[in-house]
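So this block is final-v1.cif, mmCIF, C-alpha atoms (C1' of nucleotides):
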data_my_file
#
loop_
_atom_site.group_PDB
_atom_site.id
_atom_site.type_symbol
_atom_site.label_atom_id
_atom_site.label_comp_id
_atom_site.auth_asym_id
_atom_site.auth_seq_id
_atom_site.Cartn_x
_atom_site.Cartn_y
_atom_site.Cartn_z
ATOM 1 C CA MET M 1 0.000 0.000 0.000
ATOM 2 C CA LYS M 2 1.480 3.298 -1.073
ATOM 3 C CA MET M 3 0.824 6.014 1.486
ATOM 4 C CA LYS M 4 -0.148 9.450 0.264
ATOM 5 C CA SER M 5 1.537 11.087 3.277
ATOM 6 C CA HIS M 6 2.568 10.477 6.876
ATOM 7 C CA CYS M 7 -0.061 12.719 8.325
ATOM 8 C CA PRO M 8 -1.865 10.881 11.147
ATOM 9 C CA ILE M 9 -5.281 11.715 9.693
ATOM 10 C CA ASN M 10 -4.168 10.190 6.442
ATOM 11 C CA TYR M 11 -2.815 7.181 8.328
ATOM 12 C CA SER M 12 -6.280 6.646 9.758
ATOM 13 C CA LEU M 13 -7.807 7.030 6.330
ATOM 14 C CA GLU M 14 -5.508 4.421 4.850
ATOM 15 C CA HIS M 15 -6.680 2.016 7.546
ATOM 16 C CA PHE M 16 -10.408 2.566 7.607
ATOM 17 C CA GLY M 17 -11.183 5.481 5.295
ATOM 18 C CA ASP M 18 -13.755 3.806 3.095
ATOM 19 C CA ARG M 19 -17.506 3.373 3.172
ATOM 20 C CA TRP M 20 -17.527 -0.070 4.819
ATOM 21 C CA SER M 21 -14.675 -0.727 7.239
ATOM 22 C CA LEU M 22 -16.093 1.305 10.097
ATOM 23 C CA LEU M 23 -19.407 -0.517 9.812
ATOM 24 C CA ILE M 24 -17.660 -3.855 10.314
ATOM 25 C CA ILE M 25 -15.711 -2.457 13.245
ATOM 26 C CA ARG M 26 -18.958 -1.091 14.686
ATOM 27 C CA ASP M 27 -20.547 -4.532 14.470
ATOM 28 C CA LEU M 28 -17.606 -6.094 16.269
ATOM 29 C CA MET M 29 -17.389 -3.329 18.847
ATOM 30 C CA PHE M 30 -20.976 -2.574 19.752
ATOM 31 C CA ASN M 31 -23.193 -5.229 18.243
ATOM 32 C CA GLY M 32 -21.482 -8.408 19.345
ATOM 33 C CA LYS M 33 -21.117 -9.726 15.824
ATOM 34 C CA ARG M 34 -18.308 -12.157 15.184
ATOM 35 C CA HIS M 35 -19.197 -14.172 12.122
ATOM 36 C CA TYR M 36 -19.216 -13.622 8.392
ATOM 37 C CA ASN M 37 -22.927 -14.108 7.931
ATOM 38 C CA GLU M 38 -23.728 -11.725 10.778
ATOM 39 C CA PHE M 39 -21.894 -8.903 9.020
ATOM 40 C CA LEU M 40 -23.870 -9.638 5.882
ATOM 41 C CA GLU M 41 -27.110 -9.186 7.792
ATOM 42 C CA SER M 42 -26.435 -5.605 8.909
ATOM 43 C CA GLY M 43 -28.755 -2.874 7.745
ATOM 44 C CA GLU M 44 -26.376 -1.416 5.196
ATOM 45 C CA LYS M 45 -26.375 -4.643 3.176
ATOM 46 C CA ILE M 46 -22.729 -5.148 2.395
ATOM 47 C CA SER M 47 -22.118 -7.592 -0.452
ATOM 48 C CA THR M 48 -20.111 -10.786 -0.087
ATOM 49 C CA SER M 49 -17.289 -9.634 -2.292
ATOM 50 C CA VAL M 50 -16.843 -6.310 -0.492
ATOM 51 C CA LEU M 51 -17.087 -7.956 2.902
ATOM 52 C CA GLY M 52 -14.422 -10.485 2.003
ATOM 53 C CA ASP M 53 -12.175 -7.725 0.741
ATOM 54 C CA ARG M 54 -12.558 -5.525 3.825
ATOM 55 C CA LEU M 55 -12.102 -8.371 6.301
ATOM 56 C CA LYS M 56 -8.867 -9.233 4.565
ATOM 57 C CA HIS M 57 -7.675 -5.633 4.576
ATOM 58 C CA LEU M 58 -8.588 -5.025 8.220
ATOM 59 C CA GLU M 59 -6.720 -8.156 9.180
ATOM 60 C CA GLU M 60 -3.679 -7.114 7.134
ATOM 61 C CA VAL M 61 -3.468 -3.757 8.852
ATOM 62 C CA GLY M 62 -3.875 -5.369 12.268
ATOM 63 C CA ILE M 63 -7.270 -4.084 13.339
ATOM 64 C CA ILE M 64 -9.031 -7.447 13.421
ATOM 65 C CA SER M 65 -7.881 -11.033 13.765
ATOM 66 C CA LYS M 66 -9.318 -14.275 12.558
ATOM 67 C CA GLY M 67 -9.599 -17.502 14.500
ATOM 68 C CA LYS M 68 -11.602 -20.625 15.098
ATOM 69 C CA ASP M 69 -14.660 -20.496 17.302
ATOM 70 C CA LYS M 70 -13.900 -22.114 20.656
ATOM 71 C CA ILE M 71 -17.283 -23.787 20.924
ATOM 72 C CA LYS M 72 -17.826 -24.871 17.366
ATOM 73 C CA LYS M 73 -14.372 -25.474 15.987
ATOM 74 C CA SER M 74 -15.488 -25.489 12.392
ATOM 75 C CA ARG M 75 -16.851 -21.986 12.641
ATOM 76 C CA ILE M 76 -14.661 -18.990 11.979
ATOM 77 C CA LYS M 77 -14.676 -16.054 14.334
ATOM 78 C CA TYR M 78 -13.449 -12.492 13.918
ATOM 79 C CA SER M 79 -12.159 -10.413 16.789
ATOM 80 C CA LEU M 80 -10.845 -6.958 17.369
ATOM 81 C CA THR M 81 -7.162 -6.728 18.121
ATOM 82 C CA LYS M 82 -5.776 -4.347 20.711
ATOM 83 C CA LYS M 83 -5.253 -1.875 17.888
ATOM 84 C CA GLY M 84 -8.902 -2.278 16.950
ATOM 85 C CA ILE M 85 -10.143 -1.889 20.495
ATOM 86 C CA ASN M 86 -8.080 1.262 20.766
ATOM 87 C CA MET M 87 -10.334 2.804 18.147
ATOM 88 C CA LEU M 88 -13.055 2.962 20.770
ATOM 89 C CA PRO M 89 -12.665 6.690 21.530
ATOM 90 C CA ILE M 90 -12.888 7.527 17.834
ATOM 91 C CA MET M 91 -16.033 5.460 17.442
ATOM 92 C CA LEU M 92 -17.709 6.892 20.521
ATOM 93 C CA ASP M 93 -16.923 10.430 19.409
ATOM 94 C CA MET M 94 -18.523 9.733 16.058
ATOM 95 C CA VAL M 95 -21.647 8.370 17.733
ATOM 96 C CA CYS M 96 -21.725 11.442 19.911
ATOM 97 C CA TRP M 97 -21.206 13.865 17.047
ATOM 98 C CA SER M 98 -23.820 12.229 14.837
ATOM 99 C CA GLY M 99 -26.269 12.061 17.702
ATOM 100 C CA GLN M 100 -26.187 15.842 17.941
ATOM 101 C CA TYR M 101 -27.280 16.319 14.345
ATOM 102 C CA ASP M 102 -29.226 13.295 13.155
ATOM 103 C CA ASN M 103 -32.752 13.588 14.426
ATOM 104 C CA LYS M 104 -33.494 10.134 13.119
ATOM 105 C CA SER M 105 -30.560 8.604 14.959
ATOM 106 C CA ASP M 106 -30.843 5.096 16.337
ATOM 107 C CA VAL M 107 -28.988 6.163 19.466
ATOM 108 C CA ASN M 108 -30.980 7.285 22.446
ATOM 109 C CA ASN M 109 -30.243 10.453 24.322
ATOM 110 C CA VAL M 110 -29.422 8.736 27.567
ATOM 111 C CA PHE M 111 -26.488 7.017 25.947
ATOM 112 C CA LEU M 112 -25.413 10.247 24.251
ATOM 113 C CA ALA M 113 -25.429 12.097 27.541
ATOM 114 C CA LYS M 114 -23.421 9.304 29.046
ATOM 115 C CA ILE M 115 -20.733 9.579 26.381
ATOM 116 C CA ASN M 116 -20.429 13.245 27.174
ATOM 117 C CA THR M 117 -20.487 13.218 30.922
ATOM 118 C CA GLU M 118 -18.873 9.897 31.719
ATOM 119 C CA ARG M 119 -16.659 9.481 28.720
ATOM 120 C CA GLU M 120 -13.567 8.134 30.458
ATOM 121 C CA MET M 121 -15.515 5.724 32.616
ATOM 122 C CA LEU M 122 -17.543 4.529 29.659
ATOM 123 C CA ILE M 123 -14.420 3.969 27.591
ATOM 124 C CA GLN M 124 -12.789 2.100 30.442
ATOM 125 C CA SER M 125 -15.722 -0.220 31.080
ATOM 126 C CA THR M 126 -16.352 -0.877 27.400
ATOM 127 C CA ARG M 127 -12.669 -1.511 26.857
ATOM 128 C CA GLU M 128 -12.580 -4.070 29.626
ATOM 129 C CA LYS M 129 -15.598 -5.788 28.194
ATOM 130 C CA LEU M 130 -14.091 -5.856 24.705
ATOM 131 C CA GLU M 131 -10.723 -7.028 25.922
ATOM 132 C CA GLY M 132 -12.420 -9.872 27.751
ATOM 133 C CA GLU M 133 -14.407 -10.902 24.726
ATOM 134 C CA HIS M 134 -11.978 -10.298 21.899
ATOM 135 C CA LEU M 135 -8.384 -10.461 23.039
ATOM 136 C CA MET M 136 -8.734 -13.798 24.859
ATOM 137 C CA ASP M 137 -9.873 -15.720 21.813
ATOM 138 C CA MET N 1 -28.450 11.612 -0.723
ATOM 139 C CA LYS N 2 -29.996 8.282 0.132
ATOM 140 C CA MET N 3 -28.887 7.046 3.520
ATOM 141 C CA LYS N 4 -27.998 3.398 3.921
ATOM 142 C CA SER N 5 -29.172 3.415 7.559
ATOM 143 C CA HIS N 6 -29.673 5.675 10.562
ATOM 144 C CA CYS N 7 -26.802 4.261 12.502
ATOM 145 C CA PRO N 8 -24.672 7.128 13.848
ATOM 146 C CA ILE N 9 -21.485 5.594 12.464
ATOM 147 C CA ASN N 10 -23.116 5.470 9.075
ATOM 148 C CA TYR N 11 -24.284 9.062 9.520
ATOM 149 C CA SER N 12 -20.675 10.071 10.021
ATOM 150 C CA LEU N 13 -19.638 8.088 6.977
ATOM 151 C CA GLU N 14 -22.237 9.800 4.810
ATOM 152 C CA HIS N 15 -20.748 13.125 5.890
ATOM 153 C CA PHE N 16 -17.030 12.536 5.657
ATOM 154 C CA GLY N 17 -16.493 8.853 4.890
ATOM 155 C CA ASP N 18 -14.351 9.226 1.811
ATOM 156 C CA ARG N 19 -10.641 9.499 1.132
ATOM 157 C CA TRP N 20 -10.513 13.299 0.957
ATOM 158 C CA SER N 21 -12.992 15.122 3.180
ATOM 159 C CA LEU N 22 -11.097 14.602 6.420
ATOM 160 C CA LEU N 23 -7.941 15.971 4.834
ATOM 161 C CA ILE N 24 -9.704 19.212 3.980
ATOM 162 C CA ILE N 25 -11.158 19.409 7.476
ATOM 163 C CA ARG N 26 -7.697 18.748 8.891
ATOM 164 C CA ASP N 27 -6.268 21.638 6.872
ATOM 165 C CA LEU N 28 -8.968 23.960 8.149
ATOM 166 C CA MET N 29 -8.706 22.729 11.714
ATOM 167 C CA PHE N 30 -4.988 22.335 12.332
ATOM 168 C CA ASN N 31 -3.115 23.908 9.454
ATOM 169 C CA GLY N 32 -4.765 27.282 9.184
ATOM 170 C CA LYS N 33 -5.669 26.832 5.540
ATOM 171 C CA ARG N 34 -8.630 28.770 4.277
ATOM 172 C CA HIS N 35 -8.267 29.106 0.522
ATOM 173 C CA TYR N 36 -8.794 26.890 -2.485
ATOM 174 C CA ASN N 37 -5.205 26.947 -3.658
ATOM 175 C CA GLU N 38 -3.904 26.137 -0.174
ATOM 176 C CA PHE N 39 -5.874 22.903 -0.125
ATOM 177 C CA LEU N 40 -4.414 22.004 -3.490
ATOM 178 C CA GLU N 41 -0.915 22.388 -2.090
ATOM 179 C CA SER N 42 -1.285 19.775 0.648
ATOM 180 C CA GLY N 43 0.928 16.727 0.580
ATOM 181 C CA GLU N 44 -1.740 14.334 -0.631
ATOM 182 C CA LYS N 45 -2.145 16.245 -3.898
ATOM 183 C CA ILE N 46 -5.890 16.445 -4.262
ATOM 184 C CA SER N 47 -6.988 17.278 -7.798
ATOM 185 C CA THR N 48 -9.023 20.354 -8.671
ATOM 186 C CA SER N 49 -12.104 18.404 -9.656
ATOM 187 C CA VAL N 50 -12.168 16.343 -6.459
ATOM 188 C CA LEU N 51 -11.483 19.384 -4.321
ATOM 189 C CA GLY N 52 -14.338 21.301 -5.899
ATOM 190 C CA ASP N 53 -16.651 18.377 -5.375
ATOM 191 C CA ARG N 54 -15.739 17.868 -1.713
ATOM 192 C CA LEU N 55 -15.927 21.535 -0.828
ATOM 193 C CA LYS N 56 -19.426 21.613 -2.263
ATOM 194 C CA HIS N 57 -20.467 18.496 -0.398
ATOM 195 C CA LEU N 58 -19.007 19.615 2.926
ATOM 196 C CA GLU N 59 -20.828 22.896 2.563
ATOM 197 C CA GLU N 60 -24.100 21.153 1.717
ATOM 198 C CA VAL N 61 -23.940 18.978 4.810
ATOM 199 C CA GLY N 62 -23.091 21.976 6.982
ATOM 200 C CA ILE N 63 -19.537 21.209 8.018
ATOM 201 C CA ILE N 64 -17.901 24.150 6.281
ATOM 202 C CA SER N 65 -19.100 27.522 5.058
ATOM 203 C CA LYS N 66 -17.966 29.780 2.280
ATOM 204 C CA GLY N 67 -17.525 33.523 2.442
ATOM 205 C CA LYS N 68 -15.555 36.481 1.217
ATOM 206 C CA ASP N 69 -12.208 37.269 2.728
ATOM 207 C CA LYS N 70 -12.475 40.288 5.041
ATOM 208 C CA ILE N 71 -9.153 41.746 3.968
ATOM 209 C CA LYS N 72 -9.205 41.031 0.280
ATOM 210 C CA LYS N 73 -12.852 41.083 -0.687
ATOM 211 C CA SER N 74 -12.290 39.393 -4.007
ATOM 212 C CA ARG N 75 -10.793 36.348 -2.365
ATOM 213 C CA ILE N 76 -12.942 33.454 -1.199
ATOM 214 C CA LYS N 77 -12.469 31.982 2.231
ATOM 215 C CA TYR N 78 -13.622 28.684 3.710
ATOM 216 C CA SER N 79 -14.413 28.245 7.372
ATOM 217 C CA LEU N 80 -15.508 25.486 9.681
ATOM 218 C CA THR N 81 -19.034 25.781 10.995
ATOM 219 C CA LYS N 82 -19.941 24.922 14.565
ATOM 220 C CA LYS N 83 -20.797 21.450 13.304
ATOM 221 C CA GLY N 84 -17.338 21.235 11.779
ATOM 222 C CA ILE N 85 -15.570 22.484 14.870
ATOM 223 C CA ASN N 86 -17.472 19.893 16.870
ATOM 224 C CA MET N 87 -15.570 17.226 14.976
ATOM 225 C CA LEU N 88 -12.493 18.222 16.944
ATOM 226 C CA PRO N 89 -12.637 15.296 19.401
ATOM 227 C CA ILE N 90 -12.934 12.820 16.534
ATOM 228 C CA MET N 91 -9.957 14.355 14.776
ATOM 229 C CA LEU N 92 -7.789 14.449 17.886
ATOM 230 C CA ASP N 93 -8.605 10.824 18.664
ATOM 231 C CA MET N 94 -7.527 9.847 15.176
ATOM 232 C CA VAL N 95 -4.258 11.711 15.567
ATOM 233 C CA CYS N 96 -3.747 10.009 18.882
ATOM 234 C CA TRP N 97 -4.594 6.551 17.575
ATOM 235 C CA SER N 98 -2.387 6.876 14.511
ATOM 236 C CA GLY N 99 0.439 8.274 16.578
ATOM 237 C CA GLN N 100 0.550 5.045 18.550
ATOM 238 C CA TYR N 101 1.129 2.913 15.486
ATOM 239 C CA ASP N 102 2.774 4.963 12.772
ATOM 240 C CA ASN N 103 6.469 5.175 13.487
ATOM 241 C CA LYS N 104 6.883 7.608 10.629
ATOM 242 C CA SER N 105 4.189 9.900 11.957
ATOM 243 C CA ASP N 106 4.522 13.629 11.477
ATOM 244 C CA VAL N 107 3.196 14.215 14.975
ATOM 245 C CA ASN N 108 5.644 14.531 17.804
ATOM 246 C CA ASN N 109 5.296 12.632 21.040
ATOM 247 C CA VAL N 110 4.885 15.705 23.168
ATOM 248 C CA PHE N 111 1.682 16.560 21.375
ATOM 249 C CA LEU N 112 0.496 12.963 21.576
ATOM 250 C CA ALA N 113 1.053 12.846 25.288
ATOM 251 C CA LYS N 114 -0.817 16.085 25.606
ATOM 252 C CA ILE N 115 -3.843 14.696 23.797
ATOM 253 C CA ASN N 116 -3.897 11.831 26.247
ATOM 254 C CA THR N 117 -3.289 13.611 29.491
ATOM 255 C CA GLU N 118 -4.893 16.959 28.884
ATOM 256 C CA ARG N 119 -7.546 16.008 26.396
ATOM 257 C CA GLU N 120 -10.387 18.115 27.729
ATOM 258 C CA MET N 121 -8.230 21.191 28.212
ATOM 259 C CA LEU N 122 -6.692 20.792 24.780
ATOM 260 C CA ILE N 123 -10.110 20.442 23.170
ATOM 261 C CA GLN N 124 -11.370 23.470 25.022
ATOM 262 C CA SER N 125 -8.466 25.710 24.087
ATOM 263 C CA THR N 126 -8.404 24.554 20.462
ATOM 264 C CA ARG N 127 -12.143 25.003 20.232
ATOM 265 C CA GLU N 128 -11.902 28.569 21.477
ATOM 266 C CA LYS N 129 -9.187 29.300 18.984
ATOM 267 C CA LEU N 130 -11.191 27.812 16.121
ATOM 268 C CA GLU N 131 -14.391 29.534 17.130
ATOM 269 C CA GLY N 132 -12.556 32.820 17.155
ATOM 270 C CA GLU N 133 -11.047 32.256 13.742
ATOM 271 C CA HIS N 134 -13.834 30.485 11.915
ATOM 272 C CA LEU N 135 -17.224 31.324 13.360
ATOM 273 C CA MET N 136 -16.738 35.090 13.312
ATOM 274 C CA ASP N 137 -16.104 35.301 9.597
ATOM 275 C "C1'" DC Z 1 -7.587 32.951 -7.615
ATOM 276 C "C1'" DT Z 2 -11.383 29.944 -7.791
ATOM 277 C "C1'" DG Z 3 -13.277 27.333 -9.798
ATOM 278 C "C1'" DT Z 4 -15.870 24.170 -14.232
ATOM 279 C "C1'" DA Z 5 -15.673 21.094 -18.021
ATOM 280 C "C1'" DT Z 6 -13.882 17.404 -20.357
ATOM 281 C "C1'" DC Z 7 -11.707 13.193 -21.163
ATOM 282 C "C1'" DC Z 8 -10.052 9.057 -19.808
ATOM 283 C "C1'" DT Z 9 -8.635 5.458 -16.539
ATOM 284 C "C1'" DT Z 10 -9.101 2.927 -12.449
ATOM 285 C "C1'" DA Z 11 -11.316 1.482 -8.262
ATOM 286 C "C1'" DG Z 12 -15.449 0.295 -5.954
ATOM 287 C "C1'" DG Z 13 -19.270 -2.248 -5.655
ATOM 288 C "C1'" DG Z 14 -23.804 -5.118 -6.689
ATOM 289 C "C1'" DA Z 15 -25.528 -9.682 -8.270
ATOM 290 C "C1'" DT Z 16 -24.989 -14.125 -8.728
ATOM 291 C "C1'" DA Z 17 -22.996 -18.596 -9.003
ATOM 292 C "C1'" DC Z 18 -20.055 -21.680 -7.162
ATOM 293 C "C1'" DT Z 19 -16.696 -24.325 -3.770
ATOM 294 C "C1'" DG Z 20 -14.500 -26.745 0.451
ATOM 295 C "C1'" DC O 1 -20.779 -21.477 6.978
ATOM 296 C "C1'" DA O 2 -17.340 -18.844 4.958
ATOM 297 C "C1'" DG O 3 -15.853 -17.607 1.637
ATOM 298 C "C1'" DT O 4 -14.004 -17.049 -4.064
ATOM 299 C "C1'" DA O 5 -14.817 -16.038 -8.817
ATOM 300 C "C1'" DT O 6 -16.973 -13.782 -12.348
ATOM 301 C "C1'" DC O 7 -19.360 -10.316 -14.752
ATOM 302 C "C1'" DC O 8 -20.745 -5.906 -15.395
ATOM 303 C "C1'" DC O 9 -21.772 -1.266 -14.223
ATOM 304 C "C1'" DT O 10 -21.017 3.018 -11.850
ATOM 305 C "C1'" DA O 11 -18.499 6.095 -9.044
ATOM 306 C "C1'" DA O 12 -14.202 8.036 -8.024
ATOM 307 C "C1'" DG O 13 -10.312 10.138 -9.368
ATOM 308 C "C1'" DG O 14 -6.186 12.100 -12.238
ATOM 309 C "C1'" DA O 15 -4.800 15.368 -15.979
ATOM 310 C "C1'" DT O 16 -5.492 19.085 -18.413
ATOM 311 C "C1'" DA O 17 -7.686 22.999 -20.446
ATOM 312 C "C1'" DC O 18 -10.261 26.752 -19.874
ATOM 313 C "C1'" DA O 19 -13.569 30.446 -17.895
ATOM 314 C "C1'" DG O 20 -15.262 34.234 -14.676
#

Structure re-expressed in structure tokens:
Amino acid sequence: MKMKSHCPINYSLEHFGDRWSLLIIRDLMFNGKRHYNEFLESGEKISTSVLGDRLKHLEEVGIISKGKDKIKKSRIKYSLTKKGINMLPIMLDMVCWSGQYDNKSDVNNVFLAKINTEREMLIQSTREKLEGEHLMD
Amino acid sequence: MKMKSHCPINYSLEHFGDRWSLLIIRDLMFNGKRHYNEFLESGEKISTSVLGDRLKHLEEVGIISKGKDKIKKSRIKYSLTKKGINMLPIMLDMVCWSGQYDNKSDVNNVFLAKINTEREMLIQSTREKLEGEHLMD
DNA sequence: CTGTATCCTTAGGGATACTG
DNA sequence: CAGTATCCCTAAGGATACAG
């Protein structure tokens, strides 16, 4: 991958600056999704070819990892890496920002207020939850 | 613009989820750029047609506004709106996240540490600076 | 200086079928 | 269930010229 620059904003863009990657990360981070078919079912209707491509790219850049499901060994499971979990503040800020302006937002105001007033605590507790679920796989 | 969903992450993506918009916002927010030709000069080498398109889109969705330069009335000046300035936490988190992983990053460690330890103060002071520069145009 | 307009090329993406 | 492979179409983007 040829980088356009070494600006940190551009670095972010090279990792997840497309129309789909953040939706996959959202599903892993907030919606408990871990399997290929679950990503396909999300409201934005990603296609199989695009999903395959983005999963591969996100794994290559170290944001997600791929493993076998502990319970059902034949099933494949995706997890956030530490690098992926560390995107939590970015994701929460986006939810918060959108919540201010989208009157049709899916997010309720209680949660929005919580991001604002208890941001650090919320990040900490969510991080612990994610690290328990994802990193231990 | 037809929205794929009302998820807040998707709302963000519909606003600035492409390879160029965040670079323009970055230039307005951190690099003091305000004019068409200044955006063209940035390291990522945006083309005139793409720049024109993104400026129009960002204005339509209310993130930037367009006005005449106070000093030189013939010159056109772009500013962040309140909605644009409110993206500051998102942008700082991206800088912070990238700074952890990009060893060639343009950002120095002092600034990174500052984002982490004095986040709220840094946001507040930067916001005041931006509101002075941009909103009063 | 701030844009459009045009032309052309490439990348992104939807639909569908197929495979281990 | 978790993907590839293919086909085809559209959107995105680079280069350049030109206009107000």

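Near chain N, within 12 Å and counting only C-alpha atoms (C1' of nucleotides), the residues of chain O are DA12, DG13, DG14, DA15 and DT16 of chain O.
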
Starting from chain M, keep only residues with some atom at most 9 Å from an atom of chain N, counting only C-alpha atoms, and report them as a VMD selection string.
chain M and resid 3 to 14 17 to 20 22 to 23 26 43 to 45 83 86 to 87 89 to 99 101 to 102 104 to 107

Take the PyMOL selection byres ((chain Z) within 9 of (chain N)), apply it to the structure above, and return the hits as a PyMOL selection string.
chain Z and resi 1-4

Explicit residue set for the PyMOL selection byres ((chain M and resi 67) around 9), as an MDAnalysis selection string
chainID M and resid 65:66 68:70 75:79 137

Residues of the last selection are to be written out with C-alpha atoms, as a compact mmCIF listing (two decimals), in the frame of the given file.
# COMPACT_ATOMS: atom_id res chain seq x y z
CA SER M 65 -7.88 -11.03 13.76
CA LYS M 66 -9.32 -14.28 12.56
CA LYS M 68 -11.60 -20.62 15.10
CA ASP M 69 -14.66 -20.50 17.30
CA LYS M 70 -13.90 -22.11 20.66
CA ARG M 75 -16.85 -21.99 12.64
CA ILE M 76 -14.66 -18.99 11.98
CA LYS M 77 -14.68 -16.05 14.33
CA TYR M 78 -13.45 -12.49 13.92
CA SER M 79 -12.16 -10.41 16.79
CA ASP M 137 -9.87 -15.72 21.81

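For the pair CA of Gly32 in chain N and CA of Ser21 in chain M, the separation is 29.8 Å.
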